[in-house]
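Here's final11.cif, which has mmCIF, C-alpha atoms:
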data_entry
loop_
_atom_site.label_atom_id
_atom_site.label_comp_id
_atom_site.auth_asym_id
_atom_site.auth_seq_id
_atom_site.Cartn_x
_atom_site.Cartn_y
_atom_site.Cartn_z
CA MET M 885 158.52 43.16 100.81
CA ARG M 886 156.01 45.47 102.48
CA ASN M 887 154.38 46.54 99.23
CA ARG M 888 153.44 42.99 98.27
CA LEU M 889 149.90 42.40 99.40
CA LEU M 890 148.71 39.74 101.77
CA VAL M 891 145.20 40.11 100.48
CA ARG M 892 143.42 41.79 97.60
CA THR M 893 140.20 43.69 97.62
CA GLN M 894 137.38 41.28 98.42
CA THR M 895 134.83 43.16 96.35
CA LYS M 896 137.18 43.28 93.36
CA HIS M 897 137.85 39.55 93.57
CA GLY M 898 134.17 38.77 93.93
CA ILE M 899 133.39 40.69 90.74
CA ASN M 900 136.31 39.14 88.86
CA PHE M 901 135.31 35.68 90.04
CA ALA M 902 131.78 36.16 88.72
CA LEU M 903 133.04 37.57 85.40
CA CYS M 904 135.43 34.63 84.96
CA MET M 905 132.64 32.16 85.62
CA CYS M 906 130.56 33.88 82.96
CA ALA M 907 133.52 33.65 80.58
CA VAL M 908 133.87 29.90 81.21
CA CYS M 909 130.18 29.36 80.49
CA SER M 910 130.32 31.53 77.35
CA CYS M 911 133.34 29.66 76.00
CA TYR M 912 131.62 26.36 76.57
CA LYS M 913 128.51 27.51 74.71
CA SER M 914 130.60 28.94 71.85
CA VAL M 915 132.54 25.73 71.34
CA ARG M 916 129.35 23.68 71.52
CA ALA M 917 127.92 25.89 68.77
CA LEU M 918 130.68 24.87 66.33
CA ASP M 919 130.42 22.11 63.74
CA PRO M 920 128.93 19.18 65.66
CA GLY M 921 131.33 16.79 63.94
CA SER M 922 134.66 17.57 65.46
CA LEU M 923 137.07 20.18 66.67
CA GLY M 924 140.26 20.42 64.58
CA GLY M 925 142.42 17.29 64.82
CA GLY M 926 139.47 14.95 65.15
CA VAL M 927 138.67 15.82 68.75
CA PRO M 928 134.90 15.66 69.33
CA VAL M 929 133.37 19.08 69.95
CA ASP M 930 131.85 18.03 73.27
CA MET M 931 135.17 16.73 74.58
CA GLY M 932 136.98 19.83 73.31
CA ALA M 933 134.49 22.06 75.07
CA LYS M 934 134.96 20.17 78.31
CA LEU M 935 138.74 20.34 78.03
CA LEU M 936 138.62 24.05 77.35
CA CYS M 937 136.31 24.64 80.30
CA LEU M 938 138.52 22.49 82.52
CA PHE M 939 141.52 24.60 81.52
CA LEU M 940 139.67 27.86 82.13
CA ALA M 941 138.26 26.65 85.44
CA SER M 942 141.74 25.58 86.56
CA ALA M 943 143.09 29.00 85.63
CA LEU M 944 140.23 30.60 87.55
CA VAL M 945 140.93 28.56 90.68
CA ALA M 946 144.63 29.41 90.44
CA TYR M 947 143.78 33.09 90.08
CA TYR M 948 141.41 32.94 93.03
CA VAL M 949 143.86 31.12 95.32
CA TYR M 950 147.16 32.66 94.28
CA ILE M 951 147.94 35.96 95.97
CA PRO M 952 151.29 37.76 96.07
CA ILE M 953 152.59 37.06 99.57
CA SER M 954 155.19 39.04 101.48
CA GLU M 955 158.56 37.41 101.86
CA ASP M 956 158.14 37.85 105.61
CA PHE M 957 155.87 34.80 105.76
CA ALA M 958 157.56 31.48 106.46
CA GLU M 959 154.70 29.35 105.08
CA PRO M 960 153.37 31.32 102.10
CA TRP M 961 151.25 28.58 100.54
CA LYS M 962 149.41 28.00 103.81
CA VAL M 963 148.78 31.74 104.08
CA MET M 964 147.43 31.75 100.52
CA LEU M 965 145.03 28.91 101.29
CA ILE M 966 143.86 30.58 104.49
CA THR M 967 143.30 33.88 102.71
CA ALA M 968 141.44 32.19 99.85
CA ALA M 969 139.22 30.28 102.29
CA CYS M 970 138.38 33.44 104.23
CA ARG M 971 137.65 35.31 101.02
CA ALA M 972 135.43 32.48 99.77
CA ALA M 973 133.50 32.49 103.05
CA THR M 974 132.88 36.24 102.93
CA HIS M 975 131.89 36.09 99.25
CA LEU M 976 129.48 33.23 99.93
CA ALA M 977 127.97 35.12 102.86
CA GLU M 978 127.54 38.21 100.67
CA VAL M 979 125.85 36.21 97.90
CA VAL M 980 123.44 34.68 100.41
CA HIS M 981 122.76 38.17 101.79
CA GLN M 982 122.13 39.68 98.33
CA LEU M 983 119.74 36.84 97.50
CA GLY M 984 117.77 37.70 100.61
CA LEU M 985 118.23 34.24 102.14
CA MET M 986 119.81 35.47 105.37
CA HIS M 987 121.86 38.32 106.80
CA HIS M 988 125.53 38.09 105.81
CA VAL M 989 126.55 37.97 109.49
CA GLU M 990 124.19 35.04 110.09
CA ALA M 991 125.68 33.27 107.07
CA LEU M 992 129.22 33.74 108.43
CA MET M 993 128.09 32.51 111.84
CA LEU M 994 126.60 29.44 110.20
CA ILE M 995 129.96 28.73 108.56
CA THR M 996 131.81 29.06 111.86
CA THR M 997 129.50 26.53 113.53
CA PHE M 998 131.45 23.84 111.70
CA GLU M 999 134.36 24.75 114.01
CA TYR M 1000 132.31 24.11 117.15
CA ILE M 1001 133.38 21.36 119.54
CA ALA M 1002 131.50 20.24 122.63
CA PRO M 1003 133.05 20.81 126.07
CA THR M 1004 135.39 17.86 126.46
CA SER M 1005 137.55 17.23 129.50
CA ASP M 1006 140.94 15.55 129.23
CA GLU M 1007 143.60 14.25 131.59
CA ASN M 1008 144.80 17.80 132.32
CA VAL M 1009 141.72 20.03 132.33
CA THR M 1010 138.06 19.71 133.27
CA VAL M 1011 135.91 21.58 130.77
CA MET M 1012 132.26 22.56 131.17
CA ASP M 1013 129.74 24.97 129.73
CA THR M 1014 127.84 26.94 132.35
CA GLU M 1015 126.55 30.45 133.04
CA PHE M 1016 127.91 33.33 135.07
CA ASN M 1017 125.22 35.88 135.84
CA ASN M 1018 123.04 34.50 133.00
CA VAL M 1019 125.83 34.80 130.41
CA GLY M 1020 127.21 31.64 128.84
CA VAL M 1021 130.82 30.72 129.61
CA ARG M 1022 133.13 27.80 128.94
CA LEU M 1023 135.03 27.00 132.10
CA PHE M 1024 138.47 25.34 132.19
CA LEU M 1025 139.61 23.94 135.54
CA PRO M 1026 143.07 22.36 135.85
CA ARG M 1027 143.08 18.84 137.31
CA LYS M 1028 146.60 19.10 138.67
CA LEU M 1029 146.68 19.56 142.41
CA SER M 1030 147.81 23.00 143.52
CA ASP M 1031 149.82 23.90 146.62
CA GLY M 1032 147.89 27.14 146.93
CA LEU M 1033 145.42 29.40 145.18
CA ARG M 1034 145.41 29.42 141.40
CA ARG M 1035 145.79 32.15 138.81
CA ALA M 1036 142.83 33.00 136.57
CA VAL M 1037 142.24 34.41 133.08
CA VAL M 1038 138.90 35.72 131.80
CA TYR M 1039 138.99 35.55 128.00
CA PHE M 1040 136.81 37.24 125.35
CA HIS M 1041 136.90 35.73 121.85
CA GLY M 1042 137.17 37.77 118.65
CA GLY M 1043 134.90 37.89 115.62
CA GLY M 1044 133.96 41.52 115.12
CA TRP M 1045 131.26 41.36 117.85
CA CYS M 1046 129.26 39.44 115.24
CA ILE M 1047 130.61 35.89 114.98
CA GLY M 1048 132.59 33.37 116.98
CA GLN M 1049 132.11 31.53 120.24
CA ALA M 1050 134.10 30.03 123.09
CA GLY M 1051 133.40 26.56 121.68
CA MET M 1052 135.15 27.16 118.36
CA LYS M 1053 138.05 24.72 118.10
CA PRO M 1054 140.81 27.39 117.94
CA TYR M 1055 139.46 29.17 121.03
CA ASP M 1056 138.91 25.93 122.89
CA CYS M 1057 142.53 24.98 122.14
CA LEU M 1058 143.93 28.37 123.18
CA THR M 1059 142.04 28.58 126.47
CA ARG M 1060 142.58 24.89 127.24
CA TRP M 1061 146.35 25.25 126.73
CA THR M 1062 146.36 28.40 128.85
CA SER M 1063 144.63 26.58 131.69
CA ASN M 1064 146.90 23.54 131.50
CA ARG M 1065 150.24 25.32 131.12
CA LEU M 1066 149.54 27.94 133.78
CA SER M 1067 147.54 25.62 136.04
CA ALA M 1068 145.01 28.44 135.94
CA VAL M 1069 141.25 28.73 135.97
CA VAL M 1070 140.14 30.10 132.59
CA VAL M 1071 136.71 31.57 131.88
CA SER M 1072 135.95 31.92 128.15
CA VAL M 1073 132.89 34.12 127.62
CA ASN M 1074 130.04 33.63 125.14
CA TYR M 1075 128.73 37.18 125.01
CA ARG M 1076 125.73 37.89 122.79
CA LEU M 1077 126.45 38.89 119.20
CA ALA M 1078 125.35 41.27 116.47
CA SER M 1079 123.36 41.46 114.31
CA LYS M 1080 120.72 40.34 116.79
CA TYR M 1081 122.22 42.36 119.63
CA ARG M 1082 123.91 45.76 119.33
CA PHE M 1083 126.29 47.76 121.46
CA PRO M 1084 126.41 47.98 124.44
CA VAL M 1085 125.01 44.43 124.90
CA GLN M 1086 128.34 42.73 124.10
CA PHE M 1087 130.18 44.96 126.55
CA GLU M 1088 127.50 44.51 129.21
CA ASP M 1089 127.72 40.72 128.94
CA ALA M 1090 131.50 40.85 129.18
CA TYR M 1091 131.43 43.18 132.16
CA SER M 1092 128.70 41.19 133.88
CA VAL M 1093 130.81 38.01 133.75
CA MET M 1094 133.94 39.81 134.93
CA LYS M 1095 132.17 41.46 137.85
CA PHE M 1096 130.48 38.19 138.86
CA PHE M 1097 133.74 36.27 138.75
CA LEU M 1098 135.57 38.86 140.86
CA GLN M 1099 133.23 38.33 143.80
CA SER M 1100 135.16 36.90 146.73
CA SER M 1101 132.70 34.02 147.11
CA VAL M 1102 133.14 32.97 143.47
CA LEU M 1103 136.93 33.25 143.59
CA SER M 1104 136.90 31.13 146.74
CA GLN M 1105 134.66 28.55 145.09
CA TYR M 1106 137.20 28.02 142.30
CA GLY M 1107 140.29 28.42 144.46
CA VAL M 1108 141.47 31.59 142.67
CA ASP M 1109 144.01 34.02 144.09
CA PRO M 1110 142.33 37.49 144.00
CA ASP M 1111 145.74 39.10 143.39
CA ARG M 1112 146.49 37.06 140.23
CA ILE M 1113 143.66 37.67 137.76
CA CYS M 1114 144.02 38.73 134.13
CA VAL M 1115 141.49 39.86 131.54
CA ALA M 1116 142.37 38.96 127.94
CA GLY M 1117 140.93 38.83 124.45
CA ASP M 1118 141.73 38.97 120.75
CA SER M 1119 140.47 41.40 118.11
CA ALA M 1120 136.93 42.44 119.13
CA GLY M 1121 137.54 40.45 122.31
CA GLY M 1122 140.62 42.59 122.92
CA ASN M 1123 138.35 45.60 122.62
CA LEU M 1124 136.04 44.15 125.26
CA ALA M 1125 138.94 43.23 127.54
CA ALA M 1126 140.37 46.76 127.39
CA ALA M 1127 136.95 48.33 127.98
CA VAL M 1128 136.20 46.00 130.90
CA ALA M 1129 139.56 46.80 132.52
CA GLN M 1130 138.79 50.52 132.27
CA GLN M 1131 135.23 50.20 133.58
CA LEU M 1132 136.35 48.22 136.63
CA LEU M 1133 138.33 51.25 137.76
CA GLU M 1134 135.11 53.26 138.04
CA ASP M 1135 133.06 50.61 139.83
CA SER M 1136 133.08 51.14 143.59
CA GLU M 1137 131.33 47.80 144.10
CA VAL M 1138 134.33 45.85 142.83
CA GLU M 1139 137.04 45.40 145.43
CA THR M 1140 139.27 42.92 143.57
CA LYS M 1141 141.76 44.57 141.22
CA LEU M 1142 143.12 43.04 138.04
CA LYS M 1143 146.75 42.03 138.02
CA ALA M 1144 147.10 42.21 134.22
CA GLN M 1145 145.41 42.67 130.87
CA ALA M 1146 146.46 40.95 127.64
CA LEU M 1147 145.22 42.43 124.36
CA LEU M 1148 145.83 40.40 121.20
CA TYR M 1149 145.64 42.48 117.99
CA PRO M 1150 142.80 44.51 119.55
CA ALA M 1151 140.28 46.85 117.89
CA LEU M 1152 140.36 50.01 120.00
CA GLN M 1153 138.64 52.81 118.10
CA SER M 1154 136.43 53.57 115.12
CA LEU M 1155 136.76 57.34 115.02
CA ASP M 1156 139.51 57.38 112.41
CA LEU M 1157 139.17 54.54 109.93
CA ASN M 1158 141.90 55.91 107.70
CA LEU M 1159 144.98 55.08 109.77
CA PRO M 1160 148.07 53.93 107.83
CA SER M 1161 147.23 50.30 108.62
CA TYR M 1162 143.73 50.82 107.20
CA GLN M 1163 145.15 52.45 104.08
CA GLU M 1164 147.58 49.60 103.55
CA ASN M 1165 145.00 46.84 103.97
CA GLU M 1166 142.43 46.22 101.28
CA ASN M 1167 140.04 44.44 103.65
CA ARG M 1168 138.99 47.86 104.89
CA PHE M 1169 135.42 47.60 103.60
CA TYR M 1170 134.78 44.38 105.49
CA VAL M 1171 136.21 45.71 108.77
CA VAL M 1172 134.21 48.92 108.46
CA ARG M 1173 131.12 46.80 107.95
CA LEU M 1174 131.78 44.87 111.16
CA TRP M 1175 132.28 48.12 113.07
CA SER M 1176 128.99 49.53 111.81
CA GLU M 1177 127.15 46.25 112.48
CA TYR M 1178 128.26 46.54 116.10
CA PHE M 1179 126.11 49.67 116.39
CA THR M 1180 123.36 49.32 113.78
CA SER M 1181 122.32 47.68 110.51
CA ALA M 1182 121.53 51.10 109.04
CA SER M 1183 123.45 51.73 105.84
CA SER M 1184 123.75 55.44 106.69
CA LEU M 1185 126.35 54.77 109.40
CA ARG M 1186 128.19 52.19 107.32
CA GLU M 1187 128.46 54.59 104.39
CA ALA M 1188 129.60 57.44 106.63
CA MET M 1189 132.23 55.20 108.23
CA ALA M 1190 133.39 53.97 104.84
CA SER M 1191 134.09 57.57 103.81
CA ASN M 1192 135.52 58.36 107.27
CA ARG M 1193 132.97 61.12 107.75
CA HIS M 1194 130.99 59.94 110.75
CA VAL M 1195 132.36 61.99 113.67
CA PRO M 1196 130.42 65.26 114.21
CA VAL M 1197 132.20 68.58 114.62
CA GLU M 1198 131.11 68.88 118.24
CA SER M 1199 133.17 65.75 119.00
CA ARG M 1200 136.29 67.03 117.25
CA HIS M 1201 138.20 67.11 120.56
CA LEU M 1202 138.19 63.30 120.56
CA PHE M 1203 140.54 63.14 117.59
CA GLN M 1204 143.45 64.05 119.87
CA PHE M 1205 143.18 60.52 121.30
CA VAL M 1206 143.56 58.86 117.89
CA ASN M 1207 145.95 61.27 116.17
CA TRP M 1208 148.31 58.76 114.61
CA SER M 1209 150.77 61.46 113.54
CA ASN M 1210 151.62 61.88 117.24
CA LEU M 1211 151.23 58.31 118.42
CA LEU M 1212 152.76 56.06 115.76
CA PRO M 1213 156.49 55.43 115.35
CA GLU M 1214 158.13 56.83 112.23
CA GLU M 1215 158.58 53.41 110.60
CA LEU M 1216 154.80 52.98 110.42
CA LYS M 1217 154.06 56.45 109.10
CA LYS M 1218 156.10 55.86 105.94
CA ASP M 1219 154.78 58.15 103.19
CA HIS M 1220 151.36 58.58 104.78
CA VAL M 1221 150.33 62.15 105.48
CA TYR M 1222 147.97 63.00 108.31
CA THR M 1223 145.06 65.16 107.21
CA SER M 1224 142.55 67.00 109.33
CA PRO M 1225 139.32 65.04 109.81
CA THR M 1226 136.24 65.67 107.75
CA TYR M 1227 133.27 65.94 110.06
CA GLY M 1228 129.99 64.11 109.70
CA SER M 1229 126.35 64.41 110.61
CA SER M 1230 125.45 65.39 114.16
CA GLU M 1231 122.12 63.62 113.74
CA LEU M 1232 123.88 60.37 112.85
CA ALA M 1233 126.04 60.55 115.98
CA LYS M 1234 122.99 61.29 118.14
CA LYS M 1235 121.18 58.32 116.66
CA TYR M 1236 124.13 55.92 116.99
CA PRO M 1237 126.36 57.37 119.73
CA GLY M 1238 128.13 54.09 120.43
CA PHE M 1239 131.20 54.76 118.29
CA LEU M 1240 131.96 57.81 120.50
CA ASP M 1241 131.66 55.79 123.71
CA PRO M 1242 134.92 54.73 125.47
CA ARG M 1243 133.28 51.36 126.13
CA ALA M 1244 133.48 50.80 122.37
CA ALA M 1245 136.64 52.88 121.86
CA PRO M 1246 139.06 52.34 124.78
CA LEU M 1247 141.58 54.68 123.14
CA LEU M 1248 139.33 57.56 124.24
CA ALA M 1249 140.16 57.02 127.91
CA SER M 1250 141.80 59.94 129.71
CA ASP M 1251 145.37 59.84 131.02
CA ALA M 1252 144.00 59.91 134.57
CA GLN M 1253 142.12 56.69 133.86
CA LEU M 1254 144.90 55.02 131.89
CA ARG M 1255 147.53 55.42 134.61
CA ARG M 1256 145.44 53.28 136.96
CA LEU M 1257 145.35 50.29 134.61
CA PRO M 1258 147.26 47.09 135.39
CA LEU M 1259 150.42 45.88 133.66
CA THR M 1260 149.65 45.17 130.04
CA TYR M 1261 150.60 42.85 127.18
CA ILE M 1262 149.74 44.01 123.66
CA LEU M 1263 150.31 41.90 120.55
CA THR M 1264 150.26 43.60 117.15
CA CYS M 1265 150.86 42.11 113.70
CA GLU M 1266 152.49 43.88 110.78
CA TYR M 1267 149.93 42.68 108.23
CA ASP M 1268 146.85 43.67 110.20
CA ILE M 1269 144.34 46.43 109.59
CA LEU M 1270 144.14 46.90 113.39
CA ARG M 1271 147.90 47.18 113.81
CA ASP M 1272 147.92 50.92 114.48
CA ASP M 1273 145.22 50.70 117.16
CA GLY M 1274 147.51 48.49 119.22
CA PHE M 1275 150.55 50.70 118.63
CA MET M 1276 148.68 53.84 119.69
CA TYR M 1277 147.26 52.24 122.83
CA ALA M 1278 150.68 50.90 123.83
CA ARG M 1279 152.10 54.40 123.43
CA CYS M 1280 149.30 56.00 125.49
CA LEU M 1281 149.74 53.48 128.29
CA GLN M 1282 153.52 53.96 128.33
CA VAL M 1283 153.13 57.74 128.55
CA ALA M 1284 150.68 57.24 131.43
CA GLY M 1285 153.28 55.17 133.27
CA VAL M 1286 151.70 51.73 132.86
CA PRO M 1287 154.19 48.84 132.47
CA VAL M 1288 153.62 47.62 128.91
CA THR M 1289 155.05 44.69 126.98
CA HIS M 1290 154.40 45.45 123.31
CA ASP M 1291 155.06 42.38 121.20
CA HIS M 1292 155.04 43.22 117.48
CA ALA M 1293 155.10 40.29 115.05
CA LYS M 1294 156.48 41.38 111.69
CA ASP M 1295 155.71 38.01 110.10
CA ALA M 1296 152.05 37.71 111.09
CA PHE M 1297 148.55 38.82 110.14
CA HIS M 1298 145.28 39.41 111.97
CA GLY M 1299 143.83 36.32 113.64
CA VAL M 1300 147.02 34.29 113.25
CA MET M 1301 146.66 32.71 116.70
CA LEU M 1302 143.55 30.89 115.49
CA PHE M 1303 145.70 28.67 113.30
CA ILE M 1304 147.05 26.42 116.01
CA SER M 1305 144.99 23.33 115.17
CA GLY M 1306 143.99 21.47 112.01
CA PRO M 1307 143.24 21.49 109.19
CA ILE M 1308 145.81 24.27 108.64
CA GLU M 1309 148.33 25.13 111.34
CA LEU M 1310 150.91 27.89 111.18
CA ALA M 1311 154.23 27.80 112.98
CA VAL M 1312 153.97 31.54 113.64
CA GLY M 1313 150.57 30.97 115.28
CA HIS M 1314 152.09 28.46 117.70
CA HIS M 1315 155.04 30.77 118.28
CA LEU M 1316 152.83 33.71 119.25
CA VAL M 1317 150.62 31.57 121.49
CA ASN M 1318 153.75 30.41 123.29
CA ARG M 1319 154.93 34.02 123.73
CA TYR M 1320 151.54 35.07 125.07
CA ILE M 1321 151.37 32.20 127.57
CA LYS M 1322 155.00 32.77 128.55
CA TRP M 1323 154.21 36.41 129.38
CA LEU M 1324 151.23 35.34 131.46
CA ASN M 1325 153.35 32.79 133.29
CA GLU M 1326 156.00 35.38 134.12
CA ASN M 1327 153.69 38.26 135.04
CA LEU M 1328 150.51 36.77 136.48
#
Encoded form using structure tokens:
Amino acid sequence: MRNRLLVRTQTKHGINFALCMCAVCSCYKSVRALDPGSLGGGVPVDMGAKLLCLFLASALVAYYVYIPISEDFAEPWKVMLITAACRAATHLAEVVHQLGLMHHVEALMLITTFEYIAPTSDENVTVMDTEFNNVGVRLFLPRKLSDGLRRAVVYFHGGGWCIGQAGMKPYDCLTRWTSNRLSAVVVSVNYRLASKYRFPVQFEDAYSVMKFFLQSSVLSQYGVDPDRICVAGDSAGGNLAAAVAQQLLEDSEVETKLKAQALLYPALQSLDLNLPSYQENENRFYVVRLWSEYFTSASSLREAMASNRHVPVESRHLFQFVNWSNLLPEELKKDHVYTSPTYGSSELAKKYPGFLDPRAAPLLASDAQLRRLPLTYILTCEYDILRDDGFMYARCLQVAGVPVTHDHAKDAFHGVMLFISGPIELAVGHHLVNRYIKWLNENL
């Protein structure tokens, strides 16, 4: 059922977790303070205290792991474990941040390094790490002989512009499978990340690689057909892919045109952070934090974004591009009521103008620009805070006359395509990867 939550508020759980730990410690001390002889029934006090603490700790773990899961999910216990692991990682990063040991983004990045795998070739694909125009990339070259020129996909990983890398096992698997099954050259980009680098650095790295790769000499070097190139990405990488596709239209130096773009649960705007999908998802605080980290570490922008009061009145015309009351289908609006925006500080927008830039918010592109975009694949997930971004962009592209395949997964959540390799794999993750690759095979 839709009203049963996939996740609970991370802040709330963090506080409850800490309070429960305090309760366990207090109970242990209280029992230890009893008569040192025994606990009723002849059980030694020390053993009774340990048993009580074991019981309370077990209850705490069960509380922390168990989350009401929608009946839409085919593997609910796996989803619970994934959600608990993600929550534990974010809580741990926040604790490290509050202790002043390191920035919470750096702590999360440190955790994700355990997912890193070195470039390893196999019988189907040659894999290497190299650089395109001084930006790191992981290159996948199919070993199978080709009768002609090959297709190509340039892929941007997700991670909120702050974490992740092409060498993470899930991304290595996804891009490797894409290369093998399509017999395509795949370029997976390691753009620079926040919090060390802010917008527009991530976009500039992404665009630099795309522009370099589209040179006729480079395409010839890798045996790529200039008429069969796709840009793709998931989450923040979907944001970069959409922005790169738009920017290429304005670059007179680029002669090669994209054949397609594939956007997997993309983030496409931060003007209105109170869309129905944001209201329905209690991870809102964390996503808002990633958005603000993309532009600055200043708490002033994060706080303004959290209250959805960051767009100045002089930019009010931009809200027409993200007006969900006009762009979302009725089944997503439900009981939500669109309200006029509350405007924010002009000084804040002048200081951090990135969130008003189409390179960070592809939904702000004009109809004249949209209608020149290539055929598009958009994947959205029902249980995803970014769901409505994808729906709105699909609608805008359709109105502009762009051929769009909008694939909406009602049994999936954000990042589901990362769970296609151990230790936890999801059938729905494999299913969506297969649908994505099938679309590429049929349209690229």
Taking the file as shown, what set of residues would the PyMOL selection byres ((chain M and resi 1314) around 12) give back, as a ChimeraX atom specification?
/M:1054,1057-1058,1061,1296,1300-1305,1308-1313,1315-1321
List, as a VMD selection string, every residue that the PyMOL selection byres ((chain M and resi 989) around 12) selects in the file provided.
chain M and resid 973 to 981 985 to 988 990 to 996 1043 to 1048 1077 to 1081 1170 1173 to 1174 1177 to 1178 1181
Which distance in Å separates atom CA of Arg1022 of chain M and atom CA of Ala1244 of chain M, to one decimal?
23.9 Å
For atom CA of Phe1179 of chain M and atom CA of Gln1153 of chain M, quote the distance in Å rounded to one decimal.
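Here the two named atoms are 13.0 Å from each other.
Computed from the coordinates, the atom CA of Pro1242 of chain M to atom CA of Glu1134 of chain M distance equals 12.7 Å.
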Determine, counting only C-alpha atoms, which protein, DNA and RNA residues have an atom within 9 Å of an atom of Thr1010 of chain M; residues of the same chain fewer than 6 positions away are not included. Present the result as a PyMOL selection string.
chain M and resi 1003-1004+1023-1027
With the PyMOL selection byres ((chain M and resi 1144) around 6) as the selection, what would be picked from this file? Answer as number ranges by chain, please.
M: 1114, 1142-1143, 1145, 1258-1260
Neighbours of point (145.0, 51.8, 118.1) within 6 Å, using all atoms listed in the file, written as a PDB file with C-alpha atoms, in the frame of the given file:
ATOM      1  CA  LEU M1152     140.360  50.010 120.000  1.00  0.00           C
ATOM      2  CA  ASP M1272     147.920  50.920 114.480  1.00  0.00           C
ATOM      3  CA  ASP M1273     145.220  50.700 117.160  1.00  0.00           C
ATOM      4  CA  GLY M1274     147.510  48.490 119.220  1.00  0.00           C
ATOM      5  CA  PHE M1275     150.550  50.700 118.630  1.00  0.00           C
ATOM      6  CA  MET M1276     148.680  53.840 119.690  1.00  0.00           C
ATOM      7  CA  TYR M1277     147.260  52.240 122.830  1.00  0.00           C
TER       8      TYR M1277
END
